[in-house]
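Have a look at query09.txt; it's compact mmCIF, C-alpha atoms:
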```
# COMPACT_ATOMS: atom_id res chain seq x y z
CA MET A 78 6.21 8.52 16.01
CA ALA A 79 7.69 8.76 12.56
CA THR A 80 6.11 11.03 9.96
CA ALA A 81 6.66 11.86 6.32
CA SER A 82 5.45 14.88 4.41
CA GLY A 83 4.04 14.78 0.91
CA PHE A 84 5.08 16.46 -2.30
CA PHE A 85 2.92 17.89 -5.03
CA SER A 86 3.16 18.96 -8.62
CA PRO A 87 1.48 22.16 -9.88
CA SER A 88 -0.31 20.34 -12.67
CA VAL A 89 -4.01 20.74 -11.89
CA PRO A 90 -5.43 23.57 -13.98
CA GLY A 91 -7.16 26.36 -12.15
CA LEU A 92 -5.97 25.40 -8.68
CA LYS A 93 -4.05 27.88 -6.61
CA ARG A 94 -1.06 26.35 -4.86
CA ARG A 95 1.22 27.65 -2.18
CA ASN A 96 4.98 27.33 -2.30
CA SER A 97 5.67 24.22 -0.24
CA PRO A 98 8.80 22.26 0.59
CA PHE A 99 9.43 19.86 -2.27
CA LEU A 100 10.79 16.39 -1.72
CA GLY A 101 14.46 15.94 -2.50
CA VAL A 102 15.54 12.32 -2.85
CA TYR A 103 19.21 11.77 -2.22
CA ARG A 104 21.39 8.96 -3.47
CA SER A 105 22.28 8.10 0.09
CA GLY A 106 18.67 7.07 0.55
CA PHE A 107 17.68 10.01 2.72
CA CYS A 108 15.00 12.55 1.84
CA SER A 109 15.14 16.25 2.46
CA TYR A 110 12.86 19.17 1.70
CA VAL A 111 14.06 22.07 -0.36
CA GLU A 112 12.20 25.15 -1.62
CA ILE A 113 12.15 24.41 -5.31
CA SER A 114 9.30 24.27 -7.79
CA LYS A 115 8.49 21.47 -10.25
CA ARG A 116 11.84 19.75 -9.84
CA VAL A 117 13.37 17.14 -7.60
CA LEU A 118 16.91 17.72 -6.47
CA CYS A 119 19.13 14.64 -6.52
CA SER A 120 22.34 14.81 -4.53
CA SER A 121 24.63 12.65 -2.48
CA THR A 122 24.40 15.03 0.49
CA THR A 123 22.27 17.86 1.79
CA GLU A 124 25.32 20.03 1.25
CA GLY A 125 24.66 19.70 -2.45
CA ALA A 126 21.26 21.34 -2.05
CA GLN A 127 22.85 24.22 -0.20
CA ILE A 128 25.43 24.67 -2.96
CA TYR A 129 22.76 24.72 -5.63
CA SER A 130 20.59 27.22 -3.77
CA SER A 131 23.61 29.48 -3.35
CA GLY A 132 23.85 29.86 -7.12
CA VAL A 133 26.92 27.70 -7.77
CA SER A 134 26.76 25.92 -11.12
CA PRO A 135 25.72 22.25 -10.77
CA SER A 136 28.74 21.26 -12.87
CA ASN A 137 31.03 22.73 -10.21
CA SER A 138 29.20 21.28 -7.22
CA ARG A 139 28.32 17.87 -5.86
CA VAL A 140 24.82 18.07 -7.33
CA PRO A 141 24.78 15.74 -10.35
CA ARG A 142 21.48 16.71 -11.97
CA LEU A 143 17.92 17.98 -11.67
CA VAL A 144 15.02 15.71 -12.50
CA SER A 145 11.89 17.43 -13.78
CA LYS A 146 9.79 14.31 -14.30
CA GLY A 147 6.36 13.66 -12.86
CA CYS A 148 4.60 10.31 -12.57
CA LYS A 149 1.16 8.97 -13.38
CA LEU A 150 -0.91 5.80 -13.06
CA VAL A 151 -1.37 4.18 -16.46
CA GLY A 152 -2.52 0.62 -15.80
CA CYS A 153 -4.02 -1.65 -13.16
CA GLY A 154 -4.85 -5.30 -12.65
CA SER A 155 -6.01 -7.72 -9.98
CA ALA A 156 -6.37 -11.41 -9.19
CA VAL A 157 -8.22 -13.42 -6.55
CA PRO A 158 -8.22 -17.13 -5.59
CA GLU A 159 -10.86 -19.49 -6.94
CA LEU A 160 -12.14 -20.65 -3.54
CA GLN A 161 -14.97 -18.47 -2.28
CA VAL A 162 -15.98 -18.71 1.38
CA SER A 163 -19.30 -17.16 2.37
CA ASN A 164 -20.44 -16.10 5.81
CA ASP A 165 -22.73 -19.12 5.84
CA ASP A 166 -19.71 -21.33 5.17
CA LEU A 167 -17.91 -19.80 8.15
CA ALA A 168 -20.98 -20.39 10.33
CA LYS A 169 -20.35 -24.12 9.86
CA VAL A 170 -16.90 -23.96 11.48
CA VAL A 171 -17.24 -21.17 14.05
CA GLU A 172 -20.12 -19.73 16.08
CA THR A 173 -21.31 -16.89 13.87
CA SER A 174 -23.88 -16.01 11.22
CA ASP A 175 -24.19 -14.07 8.00
CA GLU A 176 -26.30 -11.43 9.77
CA TRP A 177 -23.79 -11.05 12.62
CA ILE A 178 -20.80 -10.66 10.28
CA SER A 179 -22.39 -8.38 7.69
CA ALA A 180 -23.91 -6.07 10.30
CA ARG A 181 -20.54 -5.52 11.99
CA THR A 182 -18.20 -5.51 9.00
CA GLY A 183 -20.13 -5.27 5.73
CA ILE A 184 -18.46 -8.50 4.58
CA ARG A 185 -20.49 -11.22 2.86
CA LYS A 186 -17.76 -13.43 1.43
CA ARG A 187 -14.03 -13.67 0.86
CA ARG A 188 -11.54 -15.54 -1.35
CA ILE A 189 -9.01 -17.97 0.15
CA LEU A 190 -5.89 -19.51 -1.38
CA SER A 191 -6.21 -23.25 -1.93
CA GLY A 192 -4.78 -26.14 -3.93
CA LYS A 193 -1.79 -25.18 -6.05
CA GLU A 194 -2.45 -21.45 -5.83
CA SER A 195 0.17 -19.23 -4.26
CA LEU A 196 0.48 -15.58 -3.40
CA THR A 197 3.21 -15.27 -6.01
CA SER A 198 0.95 -16.66 -8.73
CA LEU A 199 -1.78 -14.16 -7.82
CA ALA A 200 0.72 -11.30 -7.88
CA ILE A 201 1.99 -12.39 -11.31
CA GLU A 202 -1.53 -12.52 -12.73
CA ALA A 203 -2.39 -9.06 -11.38
CA ALA A 204 0.89 -7.64 -12.68
CA LYS A 205 0.33 -9.06 -16.17
CA LYS A 206 -3.11 -7.44 -16.36
CA ALA A 207 -1.70 -4.08 -15.23
CA LEU A 208 1.05 -4.22 -17.86
CA GLN A 209 -1.46 -5.16 -20.56
CA MET A 210 -3.70 -2.22 -19.69
CA ALA A 211 -0.70 0.10 -19.70
CA LYS A 212 0.50 -1.39 -23.00
CA ILE A 213 3.96 -1.93 -21.54
CA GLU A 214 6.17 -4.92 -22.30
CA PRO A 215 7.80 -6.69 -19.32
CA GLY A 216 11.18 -5.84 -20.78
CA ASP A 217 10.41 -2.14 -20.31
CA VAL A 218 9.81 -2.45 -16.56
CA ASP A 219 12.53 -0.70 -14.54
CA LEU A 220 11.46 -1.68 -11.03
CA VAL A 221 9.11 -4.12 -9.29
CA LEU A 222 7.80 -3.32 -5.80
CA LEU A 223 5.88 -6.09 -4.02
CA CYS A 224 3.93 -4.76 -1.04
CA THR A 225 3.17 -7.73 1.19
CA SER A 226 3.48 -9.05 4.73
CA THR A 227 2.89 -12.67 3.70
CA ALA A 228 5.44 -13.44 0.98
CA ASP A 229 5.91 -17.04 -0.15
CA ASP A 230 9.61 -16.76 0.70
CA LEU A 231 11.12 -15.45 3.93
CA PHE A 232 13.59 -13.40 1.88
CA GLY A 233 10.94 -11.86 -0.37
CA SER A 234 9.04 -12.82 -3.51
CA ALA A 235 9.47 -9.76 -5.74
CA PRO A 236 12.47 -11.19 -7.66
CA GLN A 237 10.50 -14.35 -8.49
CA ILE A 238 7.66 -12.22 -9.84
CA GLN A 239 10.12 -10.21 -11.92
CA LYS A 240 11.52 -13.42 -13.38
CA ALA A 241 8.11 -14.92 -14.11
CA LEU A 242 6.95 -11.78 -15.89
CA GLY A 243 9.91 -11.96 -18.25
CA CYS A 244 11.57 -8.69 -17.30
CA SER A 245 14.58 -9.26 -19.54
CA LYS A 246 16.75 -6.43 -18.21
CA ASN A 247 16.86 -7.90 -14.68
CA PRO A 248 15.40 -4.78 -13.06
CA LEU A 249 15.54 -4.31 -9.31
CA ALA A 250 12.70 -6.04 -7.47
CA TYR A 251 12.12 -5.98 -3.73
CA ASP A 252 9.43 -6.42 -1.08
CA ILE A 253 7.89 -3.69 1.07
CA THR A 254 6.40 -4.85 4.39
CA GLY A 255 3.77 -2.35 5.45
CA ALA A 256 0.74 -4.52 6.20
CA CYS A 257 -2.52 -2.83 5.20
CA SER A 258 -0.70 0.45 4.51
CA GLY A 259 1.73 -1.33 2.20
CA PHE A 260 0.26 -0.34 -1.14
CA VAL A 261 0.21 3.38 -0.32
CA LEU A 262 3.83 3.09 0.85
CA GLY A 263 4.68 1.33 -2.42
CA LEU A 264 2.93 4.01 -4.48
CA VAL A 265 4.88 6.80 -2.79
CA SER A 266 8.11 4.80 -3.08
CA ALA A 267 7.51 4.35 -6.79
CA ALA A 268 6.99 8.09 -7.21
CA CYS A 269 10.26 8.78 -5.41
CA HIS A 270 12.11 6.34 -7.66
CA VAL A 271 10.64 8.01 -10.76
CA ARG A 272 11.14 11.59 -9.61
CA GLY A 273 14.58 11.21 -8.08
CA GLY A 274 16.02 8.03 -9.56
CA GLY A 275 15.30 8.27 -13.25
CA PHE A 276 13.08 5.16 -13.37
CA HIS A 277 10.46 5.16 -16.11
CA ASN A 278 8.07 2.23 -15.56
CA VAL A 279 7.53 0.99 -12.01
CA LEU A 280 5.26 -1.95 -11.23
CA VAL A 281 3.67 -1.68 -7.78
CA ILE A 282 1.95 -4.84 -6.52
CA GLY A 283 -0.11 -5.19 -3.36
CA ALA A 284 -0.66 -8.84 -2.42
CA ASP A 285 -1.42 -10.66 0.81
CA ALA A 286 -2.63 -14.04 2.05
CA LEU A 287 -3.56 -13.34 5.65
CA SER A 288 -5.67 -16.50 5.70
CA ARG A 289 -2.38 -18.28 6.49
CA TYR A 290 -2.17 -16.47 9.82
CA VAL A 291 -5.81 -16.54 10.92
CA ASP A 292 -7.11 -18.50 13.88
CA TRP A 293 -10.17 -20.05 12.27
CA THR A 294 -11.69 -20.71 15.69
CA ASP A 295 -11.66 -17.00 16.61
CA ARG A 296 -14.78 -15.40 15.21
CA GLY A 297 -13.42 -11.94 16.03
CA THR A 298 -10.71 -12.21 13.36
CA CYS A 299 -11.42 -15.14 11.02
CA ILE A 300 -14.49 -13.39 9.60
CA LEU A 301 -12.44 -10.42 8.38
CA PHE A 302 -9.67 -11.58 6.10
CA GLY A 303 -9.33 -12.78 2.53
CA ASP A 304 -6.53 -13.25 -0.01
CA ALA A 305 -5.92 -11.26 -3.21
CA ALA A 306 -3.47 -9.30 -5.33
CA GLY A 307 -3.67 -5.98 -7.15
CA ALA A 308 -1.17 -4.00 -9.19
CA VAL A 309 -0.63 -0.64 -10.86
CA VAL A 310 1.95 0.74 -13.27
CA VAL A 311 3.49 4.06 -12.29
CA GLN A 312 5.05 5.73 -15.32
CA ALA A 313 7.30 8.75 -15.70
CA CYS A 314 5.79 11.77 -17.45
CA GLU A 315 6.38 15.46 -17.90
CA SER A 316 5.86 17.51 -14.77
CA GLU A 317 2.78 19.16 -16.26
CA GLU A 318 1.09 15.73 -16.42
CA ASP A 319 2.06 14.68 -12.91
CA GLY A 320 -0.63 12.60 -11.22
CA LEU A 321 0.58 12.31 -7.63
CA PHE A 322 -0.30 15.57 -5.94
CA GLY A 323 0.43 14.96 -2.28
CA PHE A 324 0.88 12.33 0.39
CA ASP A 325 1.00 11.90 4.15
CA LEU A 326 2.64 8.92 5.91
CA HIS A 327 2.89 7.97 9.58
CA SER A 328 3.70 5.15 11.97
CA ASP A 329 3.30 4.62 15.70
CA GLY A 330 5.00 1.57 17.15
CA GLU A 331 3.16 1.95 20.44
CA GLY A 332 0.04 0.67 18.71
CA VAL A 333 1.55 -2.74 17.96
CA ARG A 334 -0.23 -4.12 21.00
CA HIS A 335 -3.56 -3.60 19.24
CA LEU A 336 -2.70 -5.48 16.02
CA ASN A 337 0.13 -7.95 15.50
CA ALA A 338 1.24 -11.41 14.44
CA SER A 339 4.39 -11.74 16.50
CA ILE A 340 7.11 -14.36 16.33
CA ARG A 341 6.79 -17.44 18.48
CA TYR A 342 8.98 -20.46 19.19
CA GLU A 343 8.01 -24.08 18.87
CA GLU A 344 8.09 -25.98 22.13
CA THR A 345 9.90 -29.05 20.83
CA ASN A 346 12.97 -30.89 21.96
CA ASP A 347 15.85 -30.27 19.58
CA PRO A 348 17.35 -33.65 18.57
CA LEU A 349 20.79 -32.08 18.48
CA GLY A 350 20.72 -31.20 22.15
CA THR A 351 23.10 -28.66 23.64
CA ASN A 352 25.92 -31.01 24.68
CA GLY A 353 26.24 -28.72 27.66
CA ALA A 354 28.49 -26.45 25.61
CA ILE A 355 26.37 -23.34 24.98
CA SER A 356 23.24 -22.41 26.85
CA ASP A 357 20.06 -22.01 24.71
CA PHE A 358 21.77 -23.28 21.59
CA PRO A 359 20.71 -24.36 19.01
CA PRO A 360 17.82 -21.85 19.11
CA LYS A 361 14.25 -23.06 18.97
CA ARG A 362 12.51 -23.16 15.61
CA ALA A 363 10.55 -19.95 15.05
CA THR A 364 7.28 -19.21 13.31
CA TYR A 365 4.58 -16.53 13.48
CA SER A 366 1.52 -16.50 15.69
CA CYS A 367 -1.99 -16.03 14.37
CA ILE A 368 -3.25 -12.47 13.99
CA ASN A 369 -4.06 -10.81 17.29
CA MET A 370 -6.30 -7.76 17.08
CA ASN A 371 -8.18 -5.47 19.42
CA GLY A 372 -10.97 -4.55 17.02
CA LYS A 373 -12.37 -1.66 19.04
CA GLU A 374 -9.00 0.05 19.36
CA VAL A 375 -8.18 -0.44 15.67
CA PHE A 376 -11.56 1.04 14.74
CA ARG A 377 -10.93 4.09 16.94
CA PHE A 378 -7.45 4.51 15.50
CA ALA A 379 -8.65 4.38 11.89
CA ALA A 380 -11.67 6.64 12.44
CA ARG A 381 -9.44 9.23 14.12
CA CYS A 382 -6.23 9.13 12.08
CA VAL A 383 -7.33 8.40 8.51
CA PRO A 384 -9.45 11.56 7.96
CA LEU A 385 -6.65 13.69 9.40
CA SER A 386 -4.14 12.03 7.09
CA ILE A 387 -6.29 12.60 4.01
CA GLU A 388 -6.90 16.22 4.99
CA SER A 389 -3.15 16.70 5.46
CA ALA A 390 -2.39 15.19 2.04
CA LEU A 391 -5.01 17.44 0.45
CA GLU A 392 -3.54 20.50 2.13
CA LYS A 393 -0.04 19.64 0.90
CA ALA A 394 -1.47 19.17 -2.58
CA GLY A 395 -3.24 22.52 -2.43
CA LEU A 396 -6.62 20.86 -2.93
CA SER A 397 -9.91 20.89 -1.05
CA GLY A 398 -12.19 17.99 -0.26
CA SER A 399 -14.53 19.08 -3.04
CA SER A 400 -11.77 18.24 -5.54
CA ILE A 401 -12.04 14.53 -4.70
CA ASP A 402 -13.89 12.43 -7.25
CA TRP A 403 -13.43 9.18 -5.33
CA LEU A 404 -12.54 8.10 -1.80
CA LEU A 405 -10.64 4.81 -1.89
CA LEU A 406 -9.78 3.40 1.53
CA HIS A 407 -8.18 0.18 2.62
CA GLN A 408 -11.12 -2.21 2.78
CA ALA A 409 -10.93 -3.16 6.46
CA ASN A 410 -14.48 -2.65 7.64
CA GLN A 411 -17.47 -0.95 6.02
CA ARG A 412 -18.18 0.94 9.24
CA ILE A 413 -14.69 2.46 9.10
CA ILE A 414 -15.20 3.42 5.45
CA ASP A 415 -18.55 5.04 6.29
CA ALA A 416 -17.12 6.90 9.29
CA VAL A 417 -14.21 8.36 7.31
CA ALA A 418 -16.49 9.37 4.42
CA ALA A 419 -18.84 11.11 6.86
CA ARG A 420 -15.93 12.95 8.49
CA LEU A 421 -14.81 14.17 5.05
CA GLU A 422 -18.41 14.99 4.08
CA LEU A 423 -18.30 12.73 1.03
CA PRO A 424 -21.55 11.09 -0.10
CA PRO A 425 -21.74 7.30 -0.51
CA ASP A 426 -21.86 7.55 -4.30
CA ARG A 427 -18.29 8.92 -4.28
CA VAL A 428 -16.90 6.09 -2.15
CA ILE A 429 -15.36 2.97 -3.69
CA SER A 430 -16.11 -0.18 -1.71
CA ASN A 431 -15.92 -3.87 -2.55
CA ILE A 432 -15.39 -5.24 0.96
CA ALA A 433 -18.65 -7.21 0.76
CA ASN A 434 -17.14 -9.53 -1.85
CA TYR A 435 -13.54 -9.87 -0.66
CA GLY A 436 -13.18 -8.88 2.99
CA ASN A 437 -9.93 -7.38 4.23
CA THR A 438 -7.18 -8.30 1.76
CA SER A 439 -4.53 -6.15 3.43
CA ALA A 440 -2.08 -4.58 0.95
CA ALA A 441 -4.17 -5.87 -1.98
CA SER A 442 -7.38 -4.12 -1.01
CA ILE A 443 -6.76 -0.68 -2.55
CA PRO A 444 -5.41 -1.84 -5.95
CA LEU A 445 -8.07 -4.58 -6.12
CA ALA A 446 -10.88 -2.07 -5.56
CA LEU A 447 -9.24 0.41 -7.94
CA ASP A 448 -8.97 -2.19 -10.70
CA GLU A 449 -12.63 -3.12 -10.42
CA ALA A 450 -13.66 0.54 -10.43
CA VAL A 451 -11.55 1.32 -13.50
CA ARG A 452 -12.66 -1.72 -15.50
CA SER A 453 -16.32 -1.09 -14.68
CA GLY A 454 -16.03 2.47 -15.99
CA LYS A 455 -16.65 4.08 -12.62
CA VAL A 456 -13.19 5.67 -12.43
CA GLN A 457 -12.37 7.63 -15.57
CA PRO A 458 -9.11 9.24 -16.76
CA GLY A 459 -8.62 12.55 -15.00
CA HIS A 460 -10.53 11.58 -11.88
CA ILE A 461 -8.85 12.53 -8.60
CA ILE A 462 -8.71 9.81 -5.95
CA ALA A 463 -7.99 10.15 -2.24
CA ALA A 464 -6.48 6.79 -1.26
CA SER A 465 -5.60 5.82 2.29
CA GLY A 466 -4.22 2.69 3.90
CA PHE A 467 -4.00 1.89 7.60
CA GLY A 468 -3.17 -1.10 9.74
CA ALA A 469 -0.55 -3.04 11.65
CA GLY A 470 2.51 -1.28 12.92
CA LEU A 471 0.54 0.82 13.51
CA THR A 472 0.99 2.54 10.16
CA TRP A 473 -1.23 4.79 8.09
CA GLY A 474 -0.83 6.91 5.00
CA SER A 475 -2.73 8.74 2.29
CA ALA A 476 -2.04 9.79 -1.29
CA ILE A 477 -3.94 12.13 -3.59
CA VAL A 478 -3.63 10.77 -7.12
CA ARG A 479 -5.12 11.27 -10.55
CA TRP A 480 -6.03 8.25 -12.61
CA GLY A 481 -4.61 8.18 -16.13
```

Show the structure stored in the file as structure tokens.
Amino acid sequence: MATASGFFSPSVPGLKRRNSPFLGVYRSGFCSYVEISKRVLCSSTTEGAQIYSSGVSPSNSRVPRLVSKGCKLVGCGSAVPELQVSNDDLAKVVETSDEWISARTGIRKRRILSGKESLTSLAIEAAKKALQMAKIEPGDVDLVLLCTSTADDLFGSAPQIQKALGCSKNPLAYDITGACSGFVLGLVSAACHVRGGGFHNVLVIGADALSRYVDWTDRGTCILFGDAAGAVVVQACESEEDGLFGFDLHSDGEGVRHLNASIRYEETNDPLGTNGAISDFPPKRATYSCINMNGKEVFRFAARCVPLSIESALEKAGLSGSSIDWLLLHQANQRIIDAVAARLELPPDRVISNIANYGNTSAASIPLALDEAVRSGKVQPGHIIAASGFGAGLTWGSAIVRWG
């Protein structure tokens, strides 16, 4: 089991914080924890951190600089397909009913890609709205992170989104595959790039089209999923304004048996043949299977692990549950959302949920729900949000953030 510990910034007035290991992001790509307040140490090796702590001048060591920047969320946007599929519509193609689906999941309808729509086009639309809210020109974007497990291109779609947005400086753009945890992973990655890499404006997009990998004859899974995209802009700021207080990330590969869409090979005769030269060559054409899920086990996993993850992130941030203005979970199932809220002793009126209208949109669910909550006036600048994603891998993670 792999774990990651969260960082915090002492920027919430009136809150007592303990000295905690701060996240050091190294140029080699590895992270280490060093006892240092308000600053992120950037170095090519852990030896550099030891040199700095020993009192040697940075100019005479291998430590190039100290970054004292924080990061904050300054814009959001979302986009959904035009085609709306209700529970009654599904009842026409699979043995189910609106009552059966809504009672078990809280879902009433979902959006599905159709016609000329693509996941990339949804991601572009969501990104444009986030940039407009943040009042940032595409040319000022330093990095684009696309959190998706269903990209339109095998090699990733982030660069195409960067191009379509008109990011004139050719900033780095890459995909993050983290399934339903993807957006939280992207948010933490963006913070690391800002804190330790000198990036200023990072666009984080969560987008998925799981309808492409659903068995529409399996009522246990086809009722759950929809397609959507959501985006946020993470911007550098002074450490006193920092809006990412703590995080907690985990994965457990043993749980893959409960939720997966594994590779499979087409059973077709290859016209090239083997000529008897090399056994099993050319290889069979590969694709992905439909989503396989053990719903009961996934429910148990989420109800057990997500509250613990949020509590851990709060502890690392030096905050209590009473500090949370909003609970924002991956929209997988309303019963999971209710169970986690009850465990954290949060009333329903402090829980953000839009699963009834969109179903499970994987990496898009958190930014989609956030965007609706912000634009409706529910989430206001300064509000503290406990966000948590969980899903295939198995992976799960939480982040304590402040909006605005």

Problem - Contact residues around Glu176 of chain A with all atoms listed in the file at 9 Å, ignoring same-chain residues under 4 positions, as a ChimeraX atom specification - result: /A:164,180-181

Problem - Gap from atom CA of Leu160 of chain A to atom CA of Ile189 of chain A - Å, one decimal - result: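 Atom-to-atom, atom CA of Leu160 of chain A and atom CA of Ile189 of chain A are spaced 5.5 Å apart.
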
Practice task
Have a look at A:Ser475, A:Gln237, A:Asn431, A:Ser366 and name the one nearest to Asp292 of chain A; count only C-alpha atoms.
Solution key: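 Answer, going by the shortest atom-to-atom distance: A:Ser366.
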
Problem - Nearest to Ala433 of chain A, chosen from A:Ala416, A:Ala211, A:Leu301, A:Ile477, with only C-alpha atoms counted in the distances - result: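 Closest residue, counting only C-alpha atoms: A:Leu301.
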
Exercise for the section: One decimal, Å: what's the distance from atom CA of Thr254 of chain A over to atom CA of Cys224 of chain A, could you say? Expected result: 6.0 Å

Using all atoms listed in the file, what does the table of segment 199-261 of chain A residues within 12 Å of segment 409-415 of chain A look like, with each row giving the shortest atom pair and its distance in Å to one decimal, sorted by chain and ascending number, as JSON lines?
```
{"residue": "A:Ala256", "atom": "CA", "partner": "A:Ala409", "partner_atom": "CA", "distance": 11.8}
{"residue": "A:Cys257", "atom": "CA", "partner": "A:Ala409", "partner_atom": "CA", "distance": 8.5}
{"residue": "A:Ser258", "atom": "CA", "partner": "A:Ala409", "partner_atom": "CA", "distance": 11.0}
```

Exercise for the section: Can you work out the spacing between atom CA of Val281 of chain A and atom CA of Gly470 of chain A in Å, to one decimal? Expected result: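 The value is 20.7 Å.
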
Handout entry: Nearest residue to Lys240 of chain A from the set A:Gly259, A:Gly216, A:Asp357, A:Gly283 (distances using only C-alpha atoms)
Key =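 Answer, going by the shortest atom-to-atom distance: A:Gly216.
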
Exercise for the section: May I ask which of the residues A:Tyr435, A:Thr472, A:Trp177, A:Arg427 is the closest one to His460 of chain A, counting only C-alpha atoms? Expected result: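 Under the stated criterion, the closest residue is A:Arg427.
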
Problem - Which residue of A:Leu280, A:Val311, A:Val271, A:Leu199 approaches Pro215 of chain A most closely, using all atoms listed in the file - result: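 Closest candidate: A:Leu280.
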
Handout entry: Gln161 of chain A surroundings by only C-alpha atoms, 7 Å radius, close-in-sequence under 6 positions cut, as an MDAnalysis selection string
Key = chainID A and resid 186:189

Practice task
Could you please give me, as a list in words, the residues of protein, DNA or RNA lying at most 9 Å from (12.2, -6.1, -4.5) in the coordinate frame of the file, considering all atoms listed in the file?
Solution key: Leu220, Val221, Leu222, Leu223, Gly233, Ser234, Ala235, Pro236, Gln239, Leu249, Ala250, Tyr251, Asp252 and Ile253 of chain A
